[in-house]
Amino acid sequence: MKKLTCILIGFIFPIVAIAQGEANIWYFGYNAGLDFSSGSPVALTDGQIETEEGCAAICSPEGQLLFYTDGITVYNRHHQIMQNGTGLMGHISSTNSANIILKPGSTHIYYVFTTAAFETQENTNGFRYSVVDMNLDNGNGAITEKNILIYTLATEQIGIARHANNIDYWIITHGQNNNAFMAYLLTSSGLSTTPVITNIGISLAGQNIELEIEIGTIKVAPVSGKLAFTSSFNGFAQLFDFDNNTGILSNEITLMEGGIGGAKVLYGAEFSPDESLLYISDLNMSRGKIYQFNLNASDIVESMVTLFNSWAYPGQMQLGKDNKIYISFLNRTHLAVINNPDVVGTGCDFVLNAINLNGARSRLGLPFFIHYPIFKPDIEFTPVCEGESTNFSFSTNQNVLS
């Protein structure tokens, strides 16, 4: 009798990526900071910013600090004010006071996008950008263009998504007192002044414009293209599909609503690394809350799980290089963390006092960083016996933070 031997062969493909250390250093809150260079966050206390909300930082691809800002003042790697680095028209109380992105095709030109805080009546400062050239001042950088106006009466939300060509970027904002999303294309030629406009979703309109109705967050998942949008004082959160080829939004889903009287002040948002889950913070001053939504559920709205409900006030959320989600809480000496953000339910392991800031304090903001997908080949094959043909299939699915 002929003996048949079945052979099962496993293939392991390592993830190989060019060094991407742009998100190594964070500065936020009242002189707070984190260093992810070792793989795990280490508290920093040398930061110069004292900001209530929005902030931004950027490192070189090798992970060395370049500059950081609260949207008003830009500090270089030596924690000194950058040349021409004062007077930007962001605001310490703007949700997205500043976002930093490298100009496509360049190794040294950075755009700093800013939004003003509405409640200070500086909303007429609007949505603007400034340009940093890191080749100037002996490599310490200098601002060469400042406060270039894109439009006024802007909201505080700014989202950034990679274009389908994996080179350019979409800078996404929302109009005031309407339901218009505006996607501006940033290329090697600069920023297009003509946005792609999609009128979709709940209108940011209210009877009293003083109610800060524009506060909130735009976050885009890089692979699935899901776009999360929160509006704090209208108290709603919505989910859309964002086409990163055309800049158009579609397929509106309202996850939550009920602001002011409904007591929801929805603020921060972040996707899990595998993009199957969405987290949203509720800055309700009676009891702060953190919610999780399962984007693979047959009913996403009904999948909501409340992970936190207590007397502390969560602000912004940001995925770290270690694939954990970090959460700022108002006036705390620690950051919160979701240790296993791909896990459905309480198994995601939310911890309130996770990262000691060594005497510094968080407020509501954290710096924003782009998520970049890289390819992690998964190989599936049909096991067969020796001498028979084998069918292989390949797929890729992995995100990293740059």
# chains A, B, ... in the order shown; residues from 1 in each chain; ligands from 1
>>> residues_around(residues="segment 140-142 of chain A", least_positions_apart="4", cutoff="10 Å", atoms="only C-alpha atoms", output="VMD selection string")
chain A and resid 66 to 67 74 to 78 80 to 85 108 to 110 131 to 136
>>> write_last_selection(atoms="N, CA and C atoms", output="PDB file, in the first residue's frame")
ATOM      1  N   LEU A  66      11.395  67.922  14.638  1.00  0.00           N
ATOM      2  CA  LEU A  66      11.610  69.065  13.752  1.00  0.00           C
ATOM      3  C   LEU A  66      11.006  70.337  14.338  1.00  0.00           C
ATOM      4  N   PHE A  67       9.683  70.303  14.582  1.00  0.00           N
ATOM      5  CA  PHE A  67       9.036  71.460  15.198  1.00  0.00           C
ATOM      6  C   PHE A  67       7.664  71.071  15.725  1.00  0.00           C
ATOM      7  N   VAL A  74       5.258  78.682  16.716  1.00  0.00           N
ATOM      8  CA  VAL A  74       5.949  77.477  16.258  1.00  0.00           C
ATOM      9  C   VAL A  74       7.308  77.407  16.943  1.00  0.00           C
ATOM     10  N   TYR A  75       7.597  76.241  17.555  1.00  0.00           N
ATOM     11  CA  TYR A  75       8.868  76.018  18.249  1.00  0.00           C
ATOM     12  C   TYR A  75       9.706  75.017  17.460  1.00  0.00           C
ATOM     13  N   ASN A  76      10.999  75.291  17.350  1.00  0.00           N
ATOM     14  CA  ASN A  76      11.887  74.393  16.621  1.00  0.00           C
ATOM     15  C   ASN A  76      12.362  73.253  17.519  1.00  0.00           C
ATOM     16  N   ARG A  77      13.256  72.437  17.005  1.00  0.00           N
ATOM     17  CA  ARG A  77      13.715  71.242  17.726  1.00  0.00           C
ATOM     18  C   ARG A  77      14.453  71.580  19.011  1.00  0.00           C
ATOM     19  N   HIS A  78      14.936  72.831  19.127  1.00  0.00           N
ATOM     20  CA  HIS A  78      15.628  73.268  20.341  1.00  0.00           C
ATOM     21  C   HIS A  78      14.679  73.939  21.320  1.00  0.00           C
ATOM     22  N   GLN A  80      12.971  76.531  20.834  1.00  0.00           N
ATOM     23  CA  GLN A  80      13.034  77.973  20.666  1.00  0.00           C
ATOM     24  C   GLN A  80      12.052  78.382  19.574  1.00  0.00           C
ATOM     25  N   ILE A  81      11.573  79.620  19.645  1.00  0.00           N
ATOM     26  CA  ILE A  81      10.625  80.077  18.641  1.00  0.00           C
ATOM     27  C   ILE A  81      11.298  80.081  17.271  1.00  0.00           C
ATOM     28  N   MET A  82      10.668  79.438  16.321  1.00  0.00           N
ATOM     29  CA  MET A  82      11.187  79.366  14.960  1.00  0.00           C
ATOM     30  C   MET A  82      11.216  80.752  14.335  1.00  0.00           C
ATOM     31  N   GLN A  83      12.145  80.955  13.410  1.00  0.00           N
ATOM     32  CA  GLN A  83      12.187  82.224  12.691  1.00  0.00           C
ATOM     33  C   GLN A  83      10.833  82.510  12.030  1.00  0.00           C
ATOM     34  N   ASN A  84      10.306  83.719  12.295  1.00  0.00           N
ATOM     35  CA  ASN A  84       9.003  84.147  11.788  1.00  0.00           C
ATOM     36  C   ASN A  84       7.887  83.249  12.312  1.00  0.00           C
ATOM     37  N   GLY A  85       8.112  82.622  13.484  1.00  0.00           N
ATOM     38  CA  GLY A  85       7.201  81.602  13.984  1.00  0.00           C
ATOM     39  C   GLY A  85       6.163  82.061  14.979  1.00  0.00           C
ATOM     40  N   HIS A 108      11.489  68.888   2.653  1.00  0.00           N
ATOM     41  CA  HIS A 108      11.783  69.940   3.625  1.00  0.00           C
ATOM     42  C   HIS A 108      10.723  71.032   3.727  1.00  0.00           C
ATOM     43  N   ILE A 109       9.679  70.985   2.902  1.00  0.00           N
ATOM     44  CA  ILE A 109       8.620  71.987   2.962  1.00  0.00           C
ATOM     45  C   ILE A 109       7.394  71.390   3.655  1.00  0.00           C
ATOM     46  N   TYR A 110       6.946  72.062   4.707  1.00  0.00           N
ATOM     47  CA  TYR A 110       5.799  71.596   5.480  1.00  0.00           C
ATOM     48  C   TYR A 110       4.695  72.641   5.469  1.00  0.00           C
ATOM     49  N   VAL A 131       3.643  78.101   5.728  1.00  0.00           N
ATOM     50  CA  VAL A 131       4.611  77.188   5.126  1.00  0.00           C
ATOM     51  C   VAL A 131       5.938  77.286   5.864  1.00  0.00           C
ATOM     52  N   VAL A 132       6.490  76.113   6.234  1.00  0.00           N
ATOM     53  CA  VAL A 132       7.780  76.017   6.917  1.00  0.00           C
ATOM     54  C   VAL A 132       8.798  75.407   5.967  1.00  0.00           C
ATOM     55  N   ASP A 133       9.958  76.040   5.863  1.00  0.00           N
ATOM     56  CA  ASP A 133      11.070  75.499   5.081  1.00  0.00           C
ATOM     57  C   ASP A 133      12.155  75.064   6.060  1.00  0.00           C
ATOM     58  N   MET A 134      12.347  73.754   6.168  1.00  0.00           N
ATOM     59  CA  MET A 134      13.311  73.223   7.144  1.00  0.00           C
ATOM     60  C   MET A 134      14.757  73.367   6.687  1.00  0.00           C
ATOM     61  N   ASN A 135      14.996  73.820   5.480  1.00  0.00           N
ATOM     62  CA  ASN A 135      16.370  74.064   5.019  1.00  0.00           C
ATOM     63  C   ASN A 135      16.922  75.397   5.523  1.00  0.00           C
ATOM     64  N   LEU A 136      16.059  76.231   6.077  1.00  0.00           N
ATOM     65  CA  LEU A 136      16.476  77.553   6.530  1.00  0.00           C
ATOM     66  C   LEU A 136      16.955  77.525   7.979  1.00  0.00           C
TER      67      LEU A 136
END
>>> residues_around(residues="segment 149-151 of chain A", least_positions_apart="3", cutoff="6 Å", atoms="only C-alpha atoms", output="list of chain:residue names")
A:Gly126, A:Phe127, A:Arg128
>>> write_last_selection(atoms="N, CA and C atoms", output="compact mmCIF listing (two decimals), in the first residue's frame")
# COMPACT_ATOMS: atom_id res chain seq x y z
N GLY A 126 -10.62 82.27 10.34
CA GLY A 126 -10.93 81.20 9.42
C GLY A 126 -9.91 80.08 9.32
N PHE A 127 -9.93 79.45 8.16
CA PHE A 127 -9.07 78.31 7.83
C PHE A 127 -7.91 78.85 6.99
N ARG A 128 -6.69 78.65 7.48
CA ARG A 128 -5.51 79.22 6.83
C ARG A 128 -4.36 78.22 6.83
>>> select_by_dssp(residues="segment 211-322 of chain A", states="helix (DSSP H, G or I)", output="NGL selection string")
:A and (211 or 260-262 or 301-303)
>>> residues_around(residues="Glu145 of chain A", least_positions_apart="2", cutoff="9 Å", atoms="only C-alpha atoms", output="list in words")
Tyr129, Ser130, Val131, Val132, Ile143, Asn147 and Ile148 of chain A
>>> residues_around(residues="Phe240 of chain A", least_positions_apart="4", cutoff="6 Å", atoms="only C-alpha atoms", output="JSON, numbers by chain")
{"A": [226, 227, 250, 251, 252]}
>>> closest_residue(among="A:Ile167, A:Ala43, A:Ile158, A:Ile248", to="Thr230 of chain A", atoms="only C-alpha atoms")
A:Ile158
>>> atom_distance(atom1="atom CA of Asn138 of chain A", atom2="atom CA of Ser188 of chain A")
23.9 Å
>>> closest_residue(among="A:Gly365, A:Gly159, A:Pro273, A:Gly71", to="Asn340 of chain A", atoms="only C-alpha atoms")
A:Pro273
>>> closest_residue(among="A:Thr86, A:Ser276, A:Asn96, A:Ser298", to="Gln316 of chain A", atoms="only C-alpha atoms")
A:Asn96
>>> residues_around(residues="Thr193 of chain A", least_positions_apart="2", cutoff="9 Å", atoms="only C-alpha atoms", output="list in words")
Ile150, Tyr184, Leu185, Leu191 and Pro195 of chain A
